[in-house]
Amino acid sequence: MSGVALLAIFVLAVFVGFEVVSKVSSTLHTPLMSGANAIHGIILVGAVIVAGEAENGLELAVGLFATVLATVNLVGGFVVTDRMLEMFRGRRPAASTDTKGGPR
Amino acid sequence: MNVLSGSWTEVLYLAAAVCFILALKGLSGPKTARRGNLIGAGGAVVALLVTFLAFDLDHIPLILLAIVVGSALAVPAARKVQMTQMPQLVALFNGVGGGAAAVVAILELAAIGAGGDATSDRGNLAAVAFTVLVGSISFSGSCVTFAKLQELMTTRPVVIPGAAPLLVGGLVFSVGIAVWLFAVGQLWLGLLLLVLGLAVGVMVVLPVGGADVPIVISLLNAFTGLTVAAGGFVLHNTLLLVAGTLVGASGTILTREMASAMGRSVGGVMFGALRGGSTAGSTAISDRPVKSVTPDDVAILLGYARKVIVVPGYGLAVAQAQHTIRELAEQLEAKGIEVAYGIHPVAGRMPGHMNVLLAEANVPYEALKEMDEINPEFKTADVVLVVGANDVVNPAAKTTPSAPIYGMPILEVADAQQVIFLKRSMRPGFAGIENELLYDPKTSLLFGDAKDSLTKVLGAVKAL
């Protein structure tokens, strides 16, 4: 894929990123930060690719190191976010209506 | 294995990217948040499987072993962490992500160099330079943040003499090396940049005061996002590009929202201590007279009120008193008293942290009111119970232009009929500023550990 096409994707993704989180209540700032943190753990895909294409022992070792780091970010991030959100249950789950208004 | 065609790979990566967008979208609302997070995790699993199937990878058993090792390190930590320690864990996870991205870029730089003329693809080299520099800043910065939050080191700003010129010099030098790397594409320059980035990361975070650390975590989170996006450029991987950009953009918004909730600018947070604008404050203990009361007095005030608003702060969480406050609130509600919680956006150690801590204690989130929503209600409240909070209710934020927290929106507890502070001592809060409200005639103070005090108050309320 050409550099320009990648640039176009980048610019569009910036707008999506702004739009998606622009109306978050501060109640959810911590889980949102933690969830976003987990998402960038997807660098694991990059780590796996470079480790799998390593051409000597040193590159492999470094690539595997990156894989471990990225896995910690990805797996740990999603698990800890889920644990936090598990606790966000209202007294009347599902049945309660949201009176705060605004898009959720 | 290479069993997936290029088009299928792209389509499945796109699906994973959509999962991440839906995840962020879901995380924006309390009802959809958990599902959103699971969708994100699902997207990550798809992306990983696709990667194994689409690329012709060697060493697959070793890679799988590395993933197992990483999971074995992360899952127990994520499962066992105390909710009060959540911010430092997030910082740590963020740091290792940034580190991983920097290492990936270094390896890719080595591969480009081995493949012949490294300078043939300048866009690629720019992305490599960015990834290495910002990734390493994010890694070391997050490590320092972790150390501060875990109180492995002082939470006060650390300003070494000559820090400002050193930081500026370090940044300029790093950018110079990054440009040189962009020009010639030599591996050793990449490694030098990695070391410089690590040093700059430490220098940037050291002068930040403990109260501002949450903003730094959020900022470094956005940095890591951008690093991963740049990694997507390097590897020509659209998924990394989209996912990283999403996090970079949303993280930037989140950082600005948090900073404005604290009445600070992001620049002020990062460089305030270097400019001499203090975030340290004093730790002096005042000896002005205050109205100190007993748990029984507090119980009577609460028991005969019609409406009580609880303002919890980090002190509540440190004392592990979330469950006790919930019991007290239930007891009061059983007496027909209306109870609400007023949550300042930065109560706790991280924006929104208090909500997590109270949710852990099964406080229904409907009872948790945000600042804008609760502020008009203080006028109608008979009693406000401030537990382990100080700066977020300090009128100095409105009245004293010289105060470090001047301009921060506060909870207007002074509007209520009675204010009760549960405090350990007269020591000023995190920001180190005197709170005039403590000396107000309508204020009563109950000294002691938040949990002990609340347990006694709870007992007295039951006995009423």
# chains A, B, ... in the order shown; residues from 1 in each chain; ligands from 1
$ select_by_dssp --residues "stretch 122-331 of chain B" --states "helix (DSSP H, G or I)" --output "ChimeraX atom specification"
/B:122-149,163-184,187-205,210-235,238-261,266-275,295-303,314-318,322-331
$ residues_around --residues "A:Ala70" --least-positions-apart "3" --cutoff "10 Å" --atoms "only C-alpha atoms" --output "ChimeraX atom specification"
/A:38,40-48,64-67,73-76 /B:66-67,70-71,93-101
$ residues_around --residues "B:Ala77" --least-positions-apart "5" --cutoff "10 Å" --atoms "only C-alpha atoms" --output "PyMOL selection string"
(chain A and resi 72+76+79-80) or (chain B and resi 71-72+82+89)
$ residues_around --residues "A:Ala51" --least-positions-apart "2" --cutoff "8 Å" --atoms "only C-alpha atoms" --output "list in words"
Ala47, Val48, Ile49, Glu53, Ala54, Glu59, Leu60, Ala61, Val62, Gly63, Leu64 and Thr67 of chain A; Asp58, His59 and Ile63 of chain B
$ write_last_selection --atoms "C-alpha atoms" --output "short mmCIF file (atom, residue, chain, number, x, y, z; two decimals), in the first residue's frame"
data_model
loop_
_atom_site.label_atom_id
_atom_site.label_comp_id
_atom_site.auth_asym_id
_atom_site.auth_seq_id
_atom_site.Cartn_x
_atom_site.Cartn_y
_atom_site.Cartn_z
CA ALA A 47 5.94 -7.86 17.21
CA VAL A 48 4.81 -11.28 15.96
CA ILE A 49 5.60 -10.31 12.37
CA GLU A 53 10.75 -12.78 10.03
CA ALA A 54 13.90 -12.62 12.18
CA GLU A 59 16.83 -10.47 16.02
CA LEU A 60 14.71 -13.41 17.13
CA ALA A 61 15.50 -12.82 20.79
CA VAL A 62 14.69 -9.12 20.52
CA GLY A 63 11.52 -9.88 18.55
CA LEU A 64 10.37 -12.39 21.15
CA THR A 67 6.19 -10.06 21.73
CA ASP B 58 9.22 -18.80 11.15
CA HIS B 59 9.75 -19.67 14.80
CA ILE B 63 6.39 -16.88 19.31
#
$ residues_around --residues "stretch 338-346 of chain B" --least-positions-apart "5" --cutoff "7 Å" --atoms "only C-alpha atoms" --output "list in words"
Ser26 of chain A; Ala261, Met262, Arg306, Lys307, Val308, Ile309, Val310, Val311, Pro312, Ala329, Glu333, Pro351, Gly352, Ala367, Leu368, Lys369, Glu370, Met371, Ile374, Val392 and Leu411 of chain B
$ write_last_selection --atoms "N, CA and C atoms" --output "short mmCIF file (atom, residue, chain, number, x, y, z; two decimals), in the first residue's frame"
data_model
loop_
_atom_site.label_atom_id
_atom_site.label_comp_id
_atom_site.auth_asym_id
_atom_site.auth_seq_id
_atom_site.Cartn_x
_atom_site.Cartn_y
_atom_site.Cartn_z
N SER A 26 -17.48 11.74 32.65
CA SER A 26 -16.23 11.54 33.39
C SER A 26 -16.28 10.27 34.24
N ALA B 261 -10.63 19.66 33.54
CA ALA B 261 -11.36 19.36 34.77
C ALA B 261 -10.55 19.78 35.99
N MET B 262 -9.24 19.80 35.86
CA MET B 262 -8.39 20.22 36.97
C MET B 262 -8.00 21.69 36.84
N ARG B 306 -32.73 15.77 55.80
CA ARG B 306 -33.62 15.26 54.77
C ARG B 306 -32.82 14.83 53.55
N LYS B 307 -31.73 15.57 53.33
CA LYS B 307 -30.93 15.27 52.15
C LYS B 307 -29.45 15.35 52.50
N VAL B 308 -28.72 14.29 52.19
CA VAL B 308 -27.29 14.22 52.49
C VAL B 308 -26.53 13.99 51.18
N ILE B 309 -25.47 14.76 50.99
CA ILE B 309 -24.62 14.52 49.83
C ILE B 309 -23.23 14.09 50.32
N VAL B 310 -22.76 12.96 49.81
CA VAL B 310 -21.45 12.46 50.20
C VAL B 310 -20.44 12.89 49.13
N VAL B 311 -19.33 13.48 49.58
CA VAL B 311 -18.25 13.84 48.64
C VAL B 311 -17.03 13.00 48.98
N PRO B 312 -16.80 11.93 48.25
CA PRO B 312 -15.68 11.06 48.56
C PRO B 312 -14.39 11.51 47.86
N ALA B 329 -24.80 4.92 53.79
CA ALA B 329 -25.79 5.52 52.88
C ALA B 329 -27.07 4.69 52.88
N GLU B 333 -30.76 5.87 53.92
CA GLU B 333 -31.89 5.76 52.99
C GLU B 333 -33.04 5.00 53.63
N PRO B 351 -8.72 10.45 36.58
CA PRO B 351 -10.08 10.92 36.31
C PRO B 351 -11.04 9.74 36.23
N GLY B 352 -12.13 9.85 36.96
CA GLY B 352 -13.10 8.76 36.95
C GLY B 352 -12.75 7.62 37.89
N ALA B 367 -26.52 6.64 41.62
CA ALA B 367 -26.40 7.52 42.77
C ALA B 367 -25.18 8.43 42.65
N LEU B 368 -24.29 8.11 41.71
CA LEU B 368 -23.08 8.90 41.54
C LEU B 368 -23.36 10.06 40.61
N LYS B 369 -23.31 11.27 41.15
CA LYS B 369 -23.63 12.43 40.31
C LYS B 369 -22.37 13.18 39.95
N GLU B 370 -22.31 13.58 38.70
CA GLU B 370 -21.16 14.35 38.25
C GLU B 370 -21.23 15.77 38.79
N MET B 371 -20.11 16.46 38.70
CA MET B 371 -20.01 17.79 39.30
C MET B 371 -21.08 18.76 38.81
N ILE B 374 -24.46 17.86 40.28
CA ILE B 374 -24.66 17.92 41.73
C ILE B 374 -24.52 19.35 42.25
N VAL B 392 -10.67 19.26 46.07
CA VAL B 392 -11.79 19.35 45.14
C VAL B 392 -12.97 20.13 45.73
N LEU B 411 -16.49 21.34 43.76
CA LEU B 411 -17.81 21.01 44.25
C LEU B 411 -18.21 22.08 45.25
#
$ atom_distance --atom1 "atom CA of B:Leu24" --atom2 "atom CA of A:Met33"
9.6 Å
$ atom_distance --atom1 "atom CA of B:Pro295" --atom2 "atom CA of B:Leu422"
9.9 Å
$ atom_distance --atom1 "atom CA of B:Ala74" --atom2 "atom CA of B:Ala317"
24.1 Å
$ residues_around --residues "B:Ile160" --least-positions-apart "2" --cutoff "10 Å" --atoms "only C-alpha atoms" --output "PyMOL selection string"
chain B and resi 157-158+162-164+166+203+206-207+274
$ residues_around --residues "A:Asp82" --least-positions-apart "5" --cutoff "12 Å" --atoms "only C-alpha atoms" --output "PyMOL selection string"
(chain A and resi 30-32+34-35+38+75-77+87-88) or (chain B and resi 23+27+32-41+75+78-79+356)
$ write_last_selection --atoms "N, CA and C atoms" --output "PDB file, in the first residue's frame"
ATOM      1  N   THR A  30     -11.745   6.503  33.525  1.00  0.00           N
ATOM      2  CA  THR A  30     -10.732   5.503  33.865  1.00  0.00           C
ATOM      3  C   THR A  30     -10.850   4.239  33.005  1.00  0.00           C
ATOM      4  N   PRO A  31     -12.028   3.611  32.923  1.00  0.00           N
ATOM      5  CA  PRO A  31     -12.129   2.442  32.045  1.00  0.00           C
ATOM      6  C   PRO A  31     -11.825   2.774  30.582  1.00  0.00           C
ATOM      7  N   LEU A  32     -12.195   3.957  30.145  1.00  0.00           N
ATOM      8  CA  LEU A  32     -11.932   4.308  28.742  1.00  0.00           C
ATOM      9  C   LEU A  32     -10.429   4.402  28.507  1.00  0.00           C
ATOM     10  N   SER A  34      -8.153   2.913  30.180  1.00  0.00           N
ATOM     11  CA  SER A  34      -7.617   1.564  30.277  1.00  0.00           C
ATOM     12  C   SER A  34      -7.949   0.742  29.019  1.00  0.00           C
ATOM     13  N   GLY A  35      -9.166   0.932  28.486  1.00  0.00           N
ATOM     14  CA  GLY A  35      -9.559   0.205  27.277  1.00  0.00           C
ATOM     15  C   GLY A  35      -8.753   0.649  26.071  1.00  0.00           C
ATOM     16  N   ALA A  38      -5.458  -0.869  26.199  1.00  0.00           N
ATOM     17  CA  ALA A  38      -5.430  -2.253  25.727  1.00  0.00           C
ATOM     18  C   ALA A  38      -5.371  -2.302  24.203  1.00  0.00           C
ATOM     19  N   VAL A  75      -3.166  -8.244  26.585  1.00  0.00           N
ATOM     20  CA  VAL A  75      -3.967  -9.144  27.424  1.00  0.00           C
ATOM     21  C   VAL A  75      -4.276  -8.485  28.768  1.00  0.00           C
ATOM     22  N   GLY A  76      -3.238  -7.939  29.412  1.00  0.00           N
ATOM     23  CA  GLY A  76      -3.451  -7.291  30.697  1.00  0.00           C
ATOM     24  C   GLY A  76      -4.443  -6.156  30.591  1.00  0.00           C
ATOM     25  N   GLY A  77      -4.325  -5.367  29.528  1.00  0.00           N
ATOM     26  CA  GLY A  77      -5.218  -4.221  29.348  1.00  0.00           C
ATOM     27  C   GLY A  77      -6.672  -4.637  29.256  1.00  0.00           C
ATOM     28  N   MET A  87     -17.762  -4.191  37.586  1.00  0.00           N
ATOM     29  CA  MET A  87     -18.290  -3.588  38.806  1.00  0.00           C
ATOM     30  C   MET A  87     -19.283  -2.470  38.529  1.00  0.00           C
ATOM     31  N   PHE A  88     -19.321  -2.024  37.289  1.00  0.00           N
ATOM     32  CA  PHE A  88     -20.233  -0.924  36.952  1.00  0.00           C
ATOM     33  C   PHE A  88     -21.630  -1.457  36.705  1.00  0.00           C
TER      34      PHE A  88
ATOM     35  N   ALA B  23     -15.399  -0.780  20.136  1.00  0.00           N
ATOM     36  CA  ALA B  23     -14.977  -0.903  21.530  1.00  0.00           C
ATOM     37  C   ALA B  23     -14.910   0.472  22.180  1.00  0.00           C
ATOM     38  N   LEU B  27     -17.270   1.839  25.144  1.00  0.00           N
ATOM     39  CA  LEU B  27     -16.689   2.272  26.418  1.00  0.00           C
ATOM     40  C   LEU B  27     -17.151   3.668  26.825  1.00  0.00           C
ATOM     41  N   THR B  32     -23.016   0.013  27.771  1.00  0.00           N
ATOM     42  CA  THR B  32     -22.400  -0.737  26.683  1.00  0.00           C
ATOM     43  C   THR B  32     -20.916  -0.981  26.916  1.00  0.00           C
ATOM     44  N   ALA B  33     -20.405  -0.458  28.030  1.00  0.00           N
ATOM     45  CA  ALA B  33     -18.947  -0.438  28.195  1.00  0.00           C
ATOM     46  C   ALA B  33     -18.341  -1.841  28.208  1.00  0.00           C
ATOM     47  N   ARG B  34     -18.953  -2.733  28.988  1.00  0.00           N
ATOM     48  CA  ARG B  34     -18.334  -4.043  29.119  1.00  0.00           C
ATOM     49  C   ARG B  34     -18.359  -4.800  27.804  1.00  0.00           C
ATOM     50  N   ARG B  35     -19.502  -4.693  27.128  1.00  0.00           N
ATOM     51  CA  ARG B  35     -19.612  -5.345  25.827  1.00  0.00           C
ATOM     52  C   ARG B  35     -18.578  -4.753  24.878  1.00  0.00           C
ATOM     53  N   GLY B  36     -18.441  -3.427  24.928  1.00  0.00           N
ATOM     54  CA  GLY B  36     -17.463  -2.757  24.063  1.00  0.00           C
ATOM     55  C   GLY B  36     -16.072  -3.308  24.264  1.00  0.00           C
ATOM     56  N   ASN B  37     -15.704  -3.473  25.512  1.00  0.00           N
ATOM     57  CA  ASN B  37     -14.370  -3.991  25.817  1.00  0.00           C
ATOM     58  C   ASN B  37     -14.201  -5.408  25.271  1.00  0.00           C
ATOM     59  N   LEU B  38     -15.262  -6.227  25.397  1.00  0.00           N
ATOM     60  CA  LEU B  38     -15.168  -7.602  24.889  1.00  0.00           C
ATOM     61  C   LEU B  38     -15.064  -7.617  23.366  1.00  0.00           C
ATOM     62  N   ILE B  39     -15.793  -6.692  22.721  1.00  0.00           N
ATOM     63  CA  ILE B  39     -15.693  -6.602  21.265  1.00  0.00           C
ATOM     64  C   ILE B  39     -14.256  -6.267  20.868  1.00  0.00           C
ATOM     65  N   GLY B  40     -13.646  -5.346  21.610  1.00  0.00           N
ATOM     66  CA  GLY B  40     -12.257  -4.984  21.337  1.00  0.00           C
ATOM     67  C   GLY B  40     -11.337  -6.188  21.477  1.00  0.00           C
ATOM     68  N   ALA B  41     -11.543  -6.962  22.566  1.00  0.00           N
ATOM     69  CA  ALA B  41     -10.711  -8.141  22.784  1.00  0.00           C
ATOM     70  C   ALA B  41     -10.912  -9.146  21.649  1.00  0.00           C
ATOM     71  N   VAL B  75      -2.013 -11.597  33.210  1.00  0.00           N
ATOM     72  CA  VAL B  75      -3.343 -11.933  33.734  1.00  0.00           C
ATOM     73  C   VAL B  75      -3.397 -11.916  35.260  1.00  0.00           C
ATOM     74  N   ALA B  78      -3.382  -8.343  36.440  1.00  0.00           N
ATOM     75  CA  ALA B  78      -4.628  -7.640  36.149  1.00  0.00           C
ATOM     76  C   ALA B  78      -5.760  -8.142  37.039  1.00  0.00           C
ATOM     77  N   ARG B  79      -5.721  -9.425  37.407  1.00  0.00           N
ATOM     78  CA  ARG B  79      -6.803  -9.981  38.227  1.00  0.00           C
ATOM     79  C   ARG B  79      -6.675  -9.587  39.683  1.00  0.00           C
ATOM     80  N   VAL B 356     -14.910   4.083  39.813  1.00  0.00           N
ATOM     81  CA  VAL B 356     -14.512   2.677  39.821  1.00  0.00           C
ATOM     82  C   VAL B 356     -14.476   2.158  41.255  1.00  0.00           C
TER      83      VAL B 356
END
$ decode --residues "stretch 54-96 of chain A" --atoms "C-alpha atoms" --output "PDB file, in the first residue's frame"
ATOM      1  CA  ALA A  54      13.898 -12.623  12.184  1.00  0.00           C
ATOM      2  CA  GLU A  55      16.996 -13.712  10.323  1.00  0.00           C
ATOM      3  CA  ASN A  56      19.394 -14.380  13.154  1.00  0.00           C
ATOM      4  CA  GLY A  57      19.360 -15.335  16.816  1.00  0.00           C
ATOM      5  CA  LEU A  58      19.729 -11.802  18.090  1.00  0.00           C
ATOM      6  CA  GLU A  59      16.833 -10.467  16.024  1.00  0.00           C
ATOM      7  CA  LEU A  60      14.713 -13.407  17.126  1.00  0.00           C
ATOM      8  CA  ALA A  61      15.502 -12.822  20.789  1.00  0.00           C
ATOM      9  CA  VAL A  62      14.695  -9.124  20.517  1.00  0.00           C
ATOM     10  CA  GLY A  63      11.524  -9.876  18.555  1.00  0.00           C
ATOM     11  CA  LEU A  64      10.371 -12.387  21.151  1.00  0.00           C
ATOM     12  CA  PHE A  65      11.077  -9.824  23.869  1.00  0.00           C
ATOM     13  CA  ALA A  66       8.841  -7.335  22.043  1.00  0.00           C
ATOM     14  CA  THR A  67       6.193 -10.061  21.734  1.00  0.00           C
ATOM     15  CA  VAL A  68       6.193 -10.616  25.494  1.00  0.00           C
ATOM     16  CA  LEU A  69       5.935  -6.867  26.180  1.00  0.00           C
ATOM     17  CA  ALA A  70       3.109  -6.390  23.678  1.00  0.00           C
ATOM     18  CA  THR A  71       1.209  -9.388  25.044  1.00  0.00           C
ATOM     19  CA  VAL A  72       1.379  -7.925  28.554  1.00  0.00           C
ATOM     20  CA  ASN A  73      -0.083  -4.676  27.202  1.00  0.00           C
ATOM     21  CA  LEU A  74      -2.824  -6.325  25.152  1.00  0.00           C
ATOM     22  CA  VAL A  75      -3.967  -9.144  27.424  1.00  0.00           C
ATOM     23  CA  GLY A  76      -3.451  -7.291  30.697  1.00  0.00           C
ATOM     24  CA  GLY A  77      -5.218  -4.221  29.348  1.00  0.00           C
ATOM     25  CA  PHE A  78      -8.354  -6.051  28.296  1.00  0.00           C
ATOM     26  CA  VAL A  79      -8.512  -8.171  31.453  1.00  0.00           C
ATOM     27  CA  VAL A  80      -8.131  -5.233  33.825  1.00  0.00           C
ATOM     28  CA  THR A  81     -10.675  -3.148  31.904  1.00  0.00           C
ATOM     29  CA  ASP A  82     -13.158  -5.992  32.033  1.00  0.00           C
ATOM     30  CA  ARG A  83     -12.627  -6.340  35.769  1.00  0.00           C
ATOM     31  CA  MET A  84     -13.325  -2.660  36.262  1.00  0.00           C
ATOM     32  CA  LEU A  85     -16.429  -2.677  34.103  1.00  0.00           C
ATOM     33  CA  GLU A  86     -17.787  -5.780  35.763  1.00  0.00           C
ATOM     34  CA  MET A  87     -18.290  -3.588  38.806  1.00  0.00           C
ATOM     35  CA  PHE A  88     -20.233  -0.924  36.952  1.00  0.00           C
ATOM     36  CA  ARG A  89     -23.636  -2.369  37.583  1.00  0.00           C
ATOM     37  CA  GLY A  90     -26.589  -0.302  38.646  1.00  0.00           C
ATOM     38  CA  ARG A  91     -28.978  -1.283  41.386  1.00  0.00           C
ATOM     39  CA  ARG A  92     -31.576  -1.863  38.692  1.00  0.00           C
ATOM     40  CA  PRO A  93     -29.538  -3.293  35.851  1.00  0.00           C
ATOM     41  CA  ALA A  94     -30.967  -3.123  32.334  1.00  0.00           C
ATOM     42  CA  ALA A  95     -34.380  -1.993  33.572  1.00  0.00           C
ATOM     43  CA  SER A  96     -33.255   1.450  34.643  1.00  0.00           C
TER      44      SER A  96
END
